[in-house]
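Coordinates from protein_5.cif are shown below (mmCIF, N, CA and C atoms and all ligand atoms).
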```cif
data_my_file
loop_
_atom_site.label_atom_id
_atom_site.label_comp_id
_atom_site.auth_asym_id
_atom_site.auth_seq_id
_atom_site.Cartn_x
_atom_site.Cartn_y
_atom_site.Cartn_z
N MET A 1 -18.31 24.26 -5.37
CA MET A 1 -18.55 23.69 -4.04
C MET A 1 -17.47 22.67 -3.69
N ASP A 2 -17.02 22.72 -2.46
CA ASP A 2 -15.97 21.79 -2.03
C ASP A 2 -16.60 20.60 -1.33
N ASP A 3 -16.55 19.43 -2.01
CA ASP A 3 -17.18 18.22 -1.47
C ASP A 3 -16.53 17.74 -0.17
N ASN A 4 -15.28 18.14 0.04
CA ASN A 4 -14.56 17.63 1.21
C ASN A 4 -14.66 18.57 2.41
N LYS A 5 -15.46 19.63 2.26
CA LYS A 5 -15.60 20.60 3.34
C LYS A 5 -16.20 19.91 4.58
N GLY A 6 -15.60 20.17 5.72
CA GLY A 6 -16.13 19.63 6.97
C GLY A 6 -15.71 18.20 7.27
N LEU A 7 -14.95 17.58 6.38
CA LEU A 7 -14.54 16.20 6.63
C LEU A 7 -13.29 16.16 7.51
N VAL A 8 -13.16 15.07 8.24
CA VAL A 8 -11.97 14.80 9.03
C VAL A 8 -11.24 13.62 8.39
N TYR A 9 -9.91 13.72 8.32
CA TYR A 9 -9.09 12.68 7.71
C TYR A 9 -8.37 11.90 8.81
N VAL A 10 -8.61 10.62 8.86
CA VAL A 10 -8.11 9.77 9.94
C VAL A 10 -7.14 8.75 9.33
N THR A 11 -5.98 8.60 9.93
CA THR A 11 -4.96 7.72 9.36
C THR A 11 -4.48 6.68 10.36
N ARG A 12 -4.35 5.47 9.89
CA ARG A 12 -3.68 4.41 10.65
C ARG A 12 -2.38 4.07 9.93
N LYS A 13 -1.28 4.06 10.69
CA LYS A 13 0.02 3.69 10.13
C LYS A 13 0.30 2.23 10.44
N LEU A 14 0.80 1.51 9.45
CA LEU A 14 1.19 0.11 9.65
C LEU A 14 2.58 -0.08 9.04
N HIS A 15 3.16 -1.22 9.36
CA HIS A 15 4.53 -1.46 8.94
C HIS A 15 4.67 -2.90 8.42
N PHE A 16 5.49 -3.06 7.39
CA PHE A 16 5.83 -4.43 6.98
C PHE A 16 7.21 -4.44 6.35
N SER A 17 7.85 -5.59 6.42
CA SER A 17 9.13 -5.82 5.76
C SER A 17 8.89 -6.85 4.66
N ALA A 18 9.44 -6.59 3.49
CA ALA A 18 9.19 -7.51 2.39
C ALA A 18 10.29 -7.39 1.35
N ALA A 19 10.41 -8.45 0.56
CA ALA A 19 11.37 -8.47 -0.55
C ALA A 19 10.63 -8.25 -1.87
N HIS A 20 11.35 -7.73 -2.83
CA HIS A 20 10.80 -7.66 -4.19
C HIS A 20 11.93 -7.47 -5.18
N LYS A 21 11.59 -7.52 -6.44
CA LYS A 21 12.49 -7.00 -7.47
C LYS A 21 11.62 -6.33 -8.52
N LEU A 22 12.24 -5.36 -9.17
CA LEU A 22 11.56 -4.69 -10.28
C LEU A 22 12.12 -5.30 -11.56
N TYR A 23 11.25 -5.98 -12.26
CA TYR A 23 11.72 -6.75 -13.42
C TYR A 23 10.54 -6.95 -14.36
N ASN A 24 10.73 -6.55 -15.59
CA ASN A 24 9.69 -6.77 -16.60
C ASN A 24 10.07 -7.99 -17.43
N PRO A 25 9.29 -9.09 -17.30
CA PRO A 25 9.66 -10.34 -17.97
C PRO A 25 9.63 -10.24 -19.48
N ASN A 26 9.01 -9.19 -20.01
CA ASN A 26 8.97 -9.03 -21.47
C ASN A 26 10.24 -8.39 -22.02
N TRP A 27 11.13 -7.95 -21.12
CA TRP A 27 12.36 -7.28 -21.55
C TRP A 27 13.56 -8.18 -21.34
N SER A 28 14.65 -7.84 -22.03
CA SER A 28 15.94 -8.53 -21.81
C SER A 28 16.50 -8.16 -20.44
N ASP A 29 17.42 -8.99 -19.94
CA ASP A 29 18.11 -8.66 -18.68
C ASP A 29 18.80 -7.29 -18.79
N GLU A 30 19.37 -7.02 -19.95
CA GLU A 30 20.09 -5.75 -20.13
C GLU A 30 19.14 -4.57 -19.98
N LYS A 31 17.96 -4.68 -20.61
CA LYS A 31 17.03 -3.55 -20.52
C LYS A 31 16.50 -3.41 -19.09
N ASN A 32 16.25 -4.53 -18.41
CA ASN A 32 15.79 -4.44 -17.02
C ASN A 32 16.83 -3.74 -16.15
N THR A 33 18.09 -4.11 -16.35
CA THR A 33 19.16 -3.48 -15.55
C THR A 33 19.28 -2.00 -15.89
N GLU A 34 19.11 -1.69 -17.18
CA GLU A 34 19.21 -0.29 -17.60
C GLU A 34 18.10 0.55 -16.94
N VAL A 35 16.88 0.00 -16.89
CA VAL A 35 15.74 0.78 -16.37
C VAL A 35 15.69 0.73 -14.85
N PHE A 36 15.90 -0.44 -14.27
CA PHE A 36 15.65 -0.61 -12.83
C PHE A 36 16.92 -0.65 -11.99
N GLY A 37 18.09 -0.75 -12.62
CA GLY A 37 19.35 -0.75 -11.87
C GLY A 37 19.38 -1.86 -10.85
N LYS A 38 19.84 -1.52 -9.63
CA LYS A 38 19.98 -2.53 -8.58
C LYS A 38 18.65 -3.16 -8.20
N CYS A 39 17.55 -2.44 -8.45
CA CYS A 39 16.23 -2.97 -8.08
C CYS A 39 15.84 -4.19 -8.92
N ALA A 40 16.57 -4.43 -10.03
CA ALA A 40 16.29 -5.61 -10.87
C ALA A 40 17.11 -6.82 -10.43
N ASN A 41 17.92 -6.67 -9.41
CA ASN A 41 18.77 -7.78 -8.91
C ASN A 41 17.95 -9.07 -8.82
N SER A 42 18.41 -10.12 -9.55
CA SER A 42 17.56 -11.30 -9.68
C SER A 42 17.34 -12.02 -8.36
N ASN A 43 18.24 -11.86 -7.40
CA ASN A 43 18.06 -12.51 -6.10
C ASN A 43 17.39 -11.61 -5.06
N TRP A 44 16.61 -10.65 -5.54
CA TRP A 44 15.73 -9.86 -4.67
C TRP A 44 16.51 -8.89 -3.79
N HIS A 45 15.75 -7.96 -3.22
CA HIS A 45 16.25 -7.07 -2.17
C HIS A 45 15.04 -6.68 -1.33
N GLY A 46 15.31 -6.14 -0.15
CA GLY A 46 14.20 -5.89 0.77
C GLY A 46 14.10 -4.45 1.21
N HIS A 47 12.94 -4.13 1.77
CA HIS A 47 12.70 -2.80 2.36
C HIS A 47 11.89 -2.97 3.63
N ASN A 48 12.00 -1.96 4.48
CA ASN A 48 11.06 -1.80 5.60
C ASN A 48 10.05 -0.75 5.16
N PHE A 49 8.85 -1.21 4.86
CA PHE A 49 7.83 -0.32 4.31
C PHE A 49 6.94 0.24 5.42
N ASP A 50 6.53 1.48 5.25
CA ASP A 50 5.47 2.04 6.09
C ASP A 50 4.24 2.27 5.22
N LEU A 51 3.11 1.84 5.74
CA LEU A 51 1.84 1.97 5.02
C LEU A 51 0.91 2.88 5.84
N TYR A 52 0.35 3.89 5.18
CA TYR A 52 -0.60 4.79 5.83
C TYR A 52 -1.95 4.64 5.13
N VAL A 53 -2.96 4.27 5.88
CA VAL A 53 -4.31 4.13 5.33
C VAL A 53 -5.15 5.29 5.89
N THR A 54 -5.65 6.15 5.00
CA THR A 54 -6.41 7.33 5.43
C THR A 54 -7.87 7.20 4.99
N VAL A 55 -8.76 7.42 5.95
CA VAL A 55 -10.20 7.40 5.71
C VAL A 55 -10.74 8.79 6.06
N LYS A 56 -11.66 9.29 5.21
CA LYS A 56 -12.23 10.60 5.48
C LYS A 56 -13.72 10.48 5.77
N GLY A 57 -14.24 11.43 6.52
CA GLY A 57 -15.67 11.42 6.78
C GLY A 57 -16.05 12.43 7.83
N ILE A 58 -17.31 12.39 8.16
CA ILE A 58 -17.84 13.25 9.22
C ILE A 58 -17.92 12.41 10.48
N PRO A 59 -17.36 12.90 11.61
CA PRO A 59 -17.42 12.08 12.82
C PRO A 59 -18.86 11.71 13.19
N ASN A 60 -19.02 10.43 13.52
CA ASN A 60 -20.31 9.93 14.02
C ASN A 60 -20.59 10.62 15.36
N PRO A 61 -21.74 11.28 15.50
CA PRO A 61 -21.99 12.02 16.74
C PRO A 61 -22.03 11.13 17.99
N GLU A 62 -22.33 9.87 17.82
CA GLU A 62 -22.42 8.98 18.98
C GLU A 62 -21.06 8.47 19.45
N THR A 63 -20.12 8.30 18.50
CA THR A 63 -18.79 7.80 18.88
C THR A 63 -17.73 8.88 18.83
N GLY A 64 -17.98 9.93 18.05
CA GLY A 64 -16.94 10.91 17.79
C GLY A 64 -15.92 10.45 16.76
N PHE A 65 -16.12 9.25 16.22
CA PHE A 65 -15.16 8.67 15.28
C PHE A 65 -15.64 8.82 13.84
N VAL A 66 -14.67 9.04 12.91
CA VAL A 66 -14.93 8.87 11.49
C VAL A 66 -14.98 7.37 11.19
N ILE A 67 -14.01 6.66 11.75
CA ILE A 67 -13.94 5.21 11.63
C ILE A 67 -13.28 4.70 12.90
N ASN A 68 -13.68 3.54 13.35
CA ASN A 68 -13.04 2.92 14.51
C ASN A 68 -11.63 2.48 14.10
N LEU A 69 -10.63 3.14 14.65
CA LEU A 69 -9.24 2.89 14.22
C LEU A 69 -8.77 1.49 14.58
N LYS A 70 -9.33 0.92 15.63
CA LYS A 70 -8.97 -0.46 15.97
C LYS A 70 -9.47 -1.40 14.88
N LYS A 71 -10.70 -1.16 14.40
CA LYS A 71 -11.24 -2.00 13.32
C LYS A 71 -10.46 -1.78 12.03
N LEU A 72 -10.05 -0.54 11.76
CA LEU A 72 -9.27 -0.26 10.55
C LEU A 72 -7.92 -0.99 10.62
N LYS A 73 -7.30 -0.96 11.78
CA LYS A 73 -6.02 -1.68 11.97
C LYS A 73 -6.21 -3.18 11.73
N GLU A 74 -7.27 -3.75 12.32
CA GLU A 74 -7.51 -5.19 12.17
C GLU A 74 -7.77 -5.55 10.71
N LEU A 75 -8.53 -4.70 10.03
CA LEU A 75 -8.82 -4.93 8.61
C LEU A 75 -7.54 -4.91 7.78
N ALA A 76 -6.71 -3.88 7.99
CA ALA A 76 -5.47 -3.75 7.22
C ALA A 76 -4.52 -4.90 7.55
N GLU A 77 -4.51 -5.34 8.79
CA GLU A 77 -3.64 -6.47 9.15
C GLU A 77 -4.11 -7.75 8.47
N GLU A 78 -5.43 -7.94 8.46
CA GLU A 78 -5.96 -9.17 7.86
C GLU A 78 -5.78 -9.19 6.34
N LYS A 79 -6.16 -8.09 5.69
CA LYS A 79 -6.20 -8.08 4.23
C LYS A 79 -4.85 -7.79 3.58
N VAL A 80 -3.95 -7.12 4.30
CA VAL A 80 -2.68 -6.70 3.69
C VAL A 80 -1.47 -7.22 4.46
N ILE A 81 -1.34 -6.82 5.71
CA ILE A 81 -0.08 -7.08 6.43
C ILE A 81 0.17 -8.58 6.58
N SER A 82 -0.86 -9.34 6.92
CA SER A 82 -0.66 -10.79 7.12
C SER A 82 -0.22 -11.48 5.83
N LYS A 83 -0.52 -10.87 4.69
CA LYS A 83 -0.17 -11.48 3.41
C LYS A 83 1.20 -11.05 2.89
N ILE A 84 1.70 -9.91 3.38
CA ILE A 84 2.88 -9.31 2.76
C ILE A 84 4.08 -9.24 3.69
N ASP A 85 3.85 -9.21 5.02
CA ASP A 85 4.96 -9.03 5.96
C ASP A 85 5.89 -10.25 5.94
N HIS A 86 7.18 -9.99 5.76
CA HIS A 86 8.20 -11.05 5.69
C HIS A 86 7.95 -12.01 4.51
N ARG A 87 7.38 -11.48 3.45
CA ARG A 87 7.14 -12.27 2.24
C ARG A 87 7.86 -11.64 1.06
N ASN A 88 7.75 -12.35 -0.06
CA ASN A 88 8.27 -11.85 -1.33
C ASN A 88 7.08 -11.30 -2.12
N ILE A 89 7.09 -10.01 -2.39
CA ILE A 89 5.94 -9.35 -3.03
C ILE A 89 5.66 -9.95 -4.41
N ASN A 90 6.72 -10.27 -5.16
CA ASN A 90 6.54 -10.82 -6.50
C ASN A 90 5.93 -12.22 -6.50
N LEU A 91 6.29 -13.02 -5.47
CA LEU A 91 5.94 -14.45 -5.51
C LEU A 91 4.85 -14.87 -4.54
N ASP A 92 4.76 -14.22 -3.37
CA ASP A 92 3.95 -14.76 -2.27
C ASP A 92 2.60 -14.07 -2.07
N VAL A 93 2.41 -12.90 -2.65
CA VAL A 93 1.27 -12.06 -2.25
C VAL A 93 0.15 -12.20 -3.28
N ASP A 94 -0.98 -12.77 -2.89
CA ASP A 94 -2.01 -13.12 -3.88
C ASP A 94 -2.47 -11.92 -4.70
N PHE A 95 -2.58 -10.74 -4.05
CA PHE A 95 -3.10 -9.59 -4.81
C PHE A 95 -2.03 -8.89 -5.66
N MET A 96 -0.80 -9.42 -5.68
CA MET A 96 0.26 -8.85 -6.53
C MET A 96 0.72 -9.80 -7.63
N VAL A 97 0.10 -10.98 -7.70
CA VAL A 97 0.53 -11.97 -8.69
C VAL A 97 0.39 -11.41 -10.11
N GLY A 98 1.46 -11.52 -10.88
CA GLY A 98 1.42 -11.08 -12.28
C GLY A 98 1.54 -9.59 -12.47
N LYS A 99 1.81 -8.84 -11.37
CA LYS A 99 1.92 -7.38 -11.49
C LYS A 99 3.36 -6.95 -11.26
N MET A 100 3.68 -5.74 -11.72
CA MET A 100 4.97 -5.15 -11.38
C MET A 100 4.98 -4.82 -9.89
N ALA A 101 6.08 -5.15 -9.21
CA ALA A 101 6.15 -4.99 -7.75
C ALA A 101 6.68 -3.62 -7.34
N SER A 102 6.23 -2.58 -8.03
CA SER A 102 6.59 -1.21 -7.65
C SER A 102 5.63 -0.74 -6.55
N ILE A 103 6.03 0.30 -5.82
CA ILE A 103 5.12 0.80 -4.79
C ILE A 103 3.91 1.50 -5.40
N GLU A 104 4.03 1.98 -6.62
CA GLU A 104 2.86 2.55 -7.30
C GLU A 104 1.76 1.47 -7.46
N ILE A 105 2.17 0.33 -8.02
CA ILE A 105 1.21 -0.75 -8.25
C ILE A 105 0.74 -1.34 -6.93
N LEU A 106 1.65 -1.39 -5.96
CA LEU A 106 1.28 -1.91 -4.63
C LEU A 106 0.22 -1.01 -3.98
N ALA A 107 0.37 0.29 -4.12
CA ALA A 107 -0.61 1.22 -3.51
C ALA A 107 -1.99 1.03 -4.15
N ILE A 108 -2.04 0.91 -5.47
CA ILE A 108 -3.32 0.69 -6.16
C ILE A 108 -3.94 -0.63 -5.70
N SER A 109 -3.09 -1.66 -5.59
CA SER A 109 -3.59 -2.99 -5.23
C SER A 109 -4.10 -3.02 -3.79
N ILE A 110 -3.40 -2.35 -2.87
CA ILE A 110 -3.86 -2.30 -1.48
C ILE A 110 -5.17 -1.52 -1.39
N TRP A 111 -5.27 -0.44 -2.13
CA TRP A 111 -6.54 0.30 -2.20
C TRP A 111 -7.68 -0.65 -2.59
N ASN A 112 -7.46 -1.42 -3.65
CA ASN A 112 -8.51 -2.32 -4.14
C ASN A 112 -8.84 -3.43 -3.16
N GLU A 113 -7.85 -3.84 -2.37
CA GLU A 113 -8.09 -4.88 -1.35
C GLU A 113 -8.95 -4.34 -0.21
N LEU A 114 -8.71 -3.10 0.17
CA LEU A 114 -9.38 -2.55 1.37
C LEU A 114 -10.74 -1.92 1.05
N LEU A 115 -10.86 -1.33 -0.13
CA LEU A 115 -12.06 -0.53 -0.46
C LEU A 115 -13.38 -1.22 -0.14
N PRO A 116 -13.57 -2.50 -0.52
CA PRO A 116 -14.88 -3.12 -0.29
C PRO A 116 -15.24 -3.26 1.18
N PHE A 117 -14.24 -3.14 2.06
CA PHE A 117 -14.47 -3.42 3.49
C PHE A 117 -14.51 -2.16 4.35
N ILE A 118 -14.32 -1.00 3.75
CA ILE A 118 -14.38 0.26 4.50
C ILE A 118 -15.84 0.70 4.51
N ASN A 119 -16.52 0.47 5.64
CA ASN A 119 -17.94 0.84 5.66
C ASN A 119 -18.28 1.94 6.66
N GLU A 120 -17.25 2.54 7.25
CA GLU A 120 -17.43 3.80 7.97
C GLU A 120 -16.54 4.79 7.26
N GLY A 121 -17.06 6.02 6.99
CA GLY A 121 -16.26 6.98 6.24
C GLY A 121 -15.99 6.46 4.83
N GLN A 122 -14.97 7.06 4.21
CA GLN A 122 -14.67 6.76 2.80
C GLN A 122 -13.16 6.66 2.67
N LEU A 123 -12.68 5.61 2.01
CA LEU A 123 -11.24 5.47 1.81
C LEU A 123 -10.73 6.68 1.04
N HIS A 124 -9.68 7.34 1.55
CA HIS A 124 -9.18 8.57 0.93
C HIS A 124 -7.81 8.38 0.29
N CYS A 125 -6.91 7.70 0.99
CA CYS A 125 -5.54 7.61 0.48
C CYS A 125 -4.82 6.38 1.01
N ILE A 126 -4.05 5.77 0.12
CA ILE A 126 -3.06 4.76 0.51
C ILE A 126 -1.69 5.38 0.23
N LYS A 127 -0.91 5.50 1.29
CA LYS A 127 0.45 6.05 1.14
C LYS A 127 1.44 4.99 1.58
N ILE A 128 2.46 4.77 0.77
CA ILE A 128 3.49 3.76 1.10
C ILE A 128 4.86 4.41 1.00
N TYR A 129 5.61 4.30 2.10
CA TYR A 129 7.03 4.67 2.09
C TYR A 129 7.86 3.42 1.84
N GLU A 130 8.71 3.48 0.83
CA GLU A 130 9.63 2.39 0.53
C GLU A 130 10.97 2.63 1.21
N THR A 131 11.35 3.89 1.26
CA THR A 131 12.52 4.33 2.03
C THR A 131 12.08 5.64 2.68
N PRO A 132 12.87 6.13 3.65
CA PRO A 132 12.47 7.41 4.28
C PRO A 132 12.34 8.56 3.27
N ARG A 133 12.99 8.43 2.11
CA ARG A 133 12.99 9.53 1.15
C ARG A 133 12.10 9.27 -0.06
N GLN A 134 11.41 8.14 -0.09
CA GLN A 134 10.69 7.75 -1.32
C GLN A 134 9.33 7.19 -0.96
N TYR A 135 8.26 7.85 -1.42
CA TYR A 135 6.92 7.35 -1.12
C TYR A 135 5.96 7.66 -2.25
N VAL A 136 4.85 6.91 -2.26
CA VAL A 136 3.77 7.18 -3.22
C VAL A 136 2.46 7.34 -2.46
N GLU A 137 1.53 8.06 -3.09
CA GLU A 137 0.18 8.22 -2.56
C GLU A 137 -0.80 7.89 -3.67
N TYR A 138 -1.88 7.18 -3.32
CA TYR A 138 -2.93 6.86 -4.29
C TYR A 138 -4.28 7.24 -3.68
N PHE A 139 -5.06 8.00 -4.48
CA PHE A 139 -6.35 8.51 -4.00
C PHE A 139 -7.53 7.87 -4.72
N GLY A 140 -7.30 6.74 -5.37
CA GLY A 140 -8.39 6.05 -6.02
C GLY A 140 -8.71 6.59 -7.39
NI NI A 201 13.06 -1.93 -3.94
#
```

As structure tokens:
Amino acid sequence: MDDNKGLVYVTRKLHFSAAHKLYNPNWSDEKNTEVFGKCANSNWHGHNFDLYVTVKGIPNPETGFVINLKKLKELAEEKVISKIDHRNINLDVDFMVGKMASIEILAISIWNELLPFINEGQLHCIKIYETPRQYVEYFG
């Protein structure tokens, strides 16, 4: 049986600009450079990130909506964008403190930030583009 049969997938796209570096403090500078290359640059580098938040569900017959996209946008702005836009992911973002600042870890962390507050439909996917050619998806 397909549990997702009949569901509609609704996505809100958001955008943020942020700095980060990929650096494992348990390794030497040489090993960090070997593994992460330019991304380990100690004085940071930045990206223009695109974030896609997808919620799945059955449309409410009274609204026709799986989730109110305006409310989803406001939630994502409050819990994620306001904390990360024009910030340093390694240093400034409370839900990334002590974590590797890769988009993989960022996607998991954003999922965990939003999940408790999605009360229409069901959180399905967090997708983050770091560059036009590089993205991750997390399905919980
Ligand atoms: Ni980067």

DSSP-assigned alpha helix (DSSP H) among chain A, expressed as a VMD selection string: chain A and resid 29 to 36 69 to 76 82 to 84 89 to 92 103 to 114

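With distances restricted to only N, CA and C atoms and all ligand atoms, A:Cys39 is the closest residue to ligand NI 201 (chain A) from A:Val66, A:Val136, A:Ile118, A:Cys39.
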
Top pick for closest residue to A:Gly37, considering A:Glu62, A:Leu22, A:Pro132, A:Lys70 and counting only N, CA and C atoms: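 Of A:Glu62, A:Leu22, A:Pro132, A:Lys70, the one nearest A:Gly37 is A:Leu22, counting only N, CA and C atoms.
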
Nearest residue to ligand NI 201 (chain A) from the set A:Asn68, A:Thr131, A:Ser42, A:Asn112 (distances using only C-alpha atoms and all ligand atoms): A:Thr131

Between atom C of A:Leu114 and atom CA of A:Lys79 - distance in Å to one decimal: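 Interatomic distance, atom CA of A:Lys79 to atom C of A:Leu114: 8.3 Å.
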
Find the residues of chain A that sit at most 6.5 Å from ligand NI 201 (chain A); for each, write down the nearest two atoms and how far apart they are in Å, to one decimal. Count only N, CA and C atoms and all ligand atoms. Sort by chain, then by number going up, and give it as a tab-separated table.
```
residue	atom	partner	partner_atom	distance
A:His20	C	A:NI201	NI	5.8
A:Lys21	CA	A:NI201	NI	6.2
A:Leu22	N	A:NI201	NI	6.3
A:Cys39	CA	A:NI201	NI	5.3
A:His45	C	A:NI201	NI	5.8
A:Gly46	C	A:NI201	NI	5.8
A:His47	N	A:NI201	NI	6.1
```

DSSP strand (DSSP E or B) residues within stretch 37-98 of chain A, listed as an MDAnalysis selection string: chainID A and resid 45:57 87:88

Which residue of A:Gly98, A:Cys125, A:Arg12, A:Lys56 approaches A:Leu72 most closely, using all atoms listed in the file: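 Ranking A:Gly98, A:Cys125, A:Arg12, A:Lys56 by distance to A:Leu72, first place goes to A:Arg12.
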
Quick one: everything within 12 Å of A:Leu7, counting only C-alpha atoms, minus sequence neighbours fewer than 6 positions away in the same chain. Send it as a short mmCIF file (atom, residue, chain, number, x, y, z; two decimals) with N, CA and C atoms, in the frame of the given file.
```cif
data_model
loop_
_atom_site.label_atom_id
_atom_site.label_comp_id
_atom_site.auth_asym_id
_atom_site.auth_seq_id
_atom_site.Cartn_x
_atom_site.Cartn_y
_atom_site.Cartn_z
N VAL A 55 -8.76 7.42 5.95
CA VAL A 55 -10.20 7.40 5.71
C VAL A 55 -10.74 8.79 6.06
N LYS A 56 -11.66 9.29 5.21
CA LYS A 56 -12.23 10.60 5.48
C LYS A 56 -13.72 10.48 5.77
N GLY A 57 -14.24 11.43 6.52
CA GLY A 57 -15.67 11.42 6.78
C GLY A 57 -16.05 12.43 7.83
N ILE A 58 -17.31 12.39 8.16
CA ILE A 58 -17.84 13.25 9.22
C ILE A 58 -17.92 12.41 10.48
N PRO A 59 -17.36 12.90 11.61
CA PRO A 59 -17.42 12.08 12.82
C PRO A 59 -18.86 11.71 13.19
N ASN A 60 -19.02 10.43 13.52
CA ASN A 60 -20.31 9.93 14.02
C ASN A 60 -20.59 10.62 15.36
N PHE A 65 -16.12 9.25 16.22
CA PHE A 65 -15.16 8.67 15.28
C PHE A 65 -15.64 8.82 13.84
N VAL A 66 -14.67 9.04 12.91
CA VAL A 66 -14.93 8.87 11.49
C VAL A 66 -14.98 7.37 11.19
N GLY A 121 -17.06 6.02 6.99
CA GLY A 121 -16.26 6.98 6.24
C GLY A 121 -15.99 6.46 4.83
N GLN A 122 -14.97 7.06 4.21
CA GLN A 122 -14.67 6.76 2.80
C GLN A 122 -13.16 6.66 2.67
N HIS A 124 -9.68 7.34 1.55
CA HIS A 124 -9.18 8.57 0.93
C HIS A 124 -7.81 8.38 0.29
#
```

Residue neighbourhood stretch 82-86 of chain A, 7 Å, only C-alpha atoms, exclusion window fewer than 2 positions, as a ChimeraX atom specification: /A:16-18,77-80,89,93

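What separates atom N of A:Tyr129 from atom C of A:Lys99 is a distance of 17.6 Å.
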
Atom-to-atom span, atom C of A:Thr54 and atom C of A:Ile126, Å: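 Going from atom C of A:Thr54 over to atom C of A:Ile126, I get 8.0 Å.
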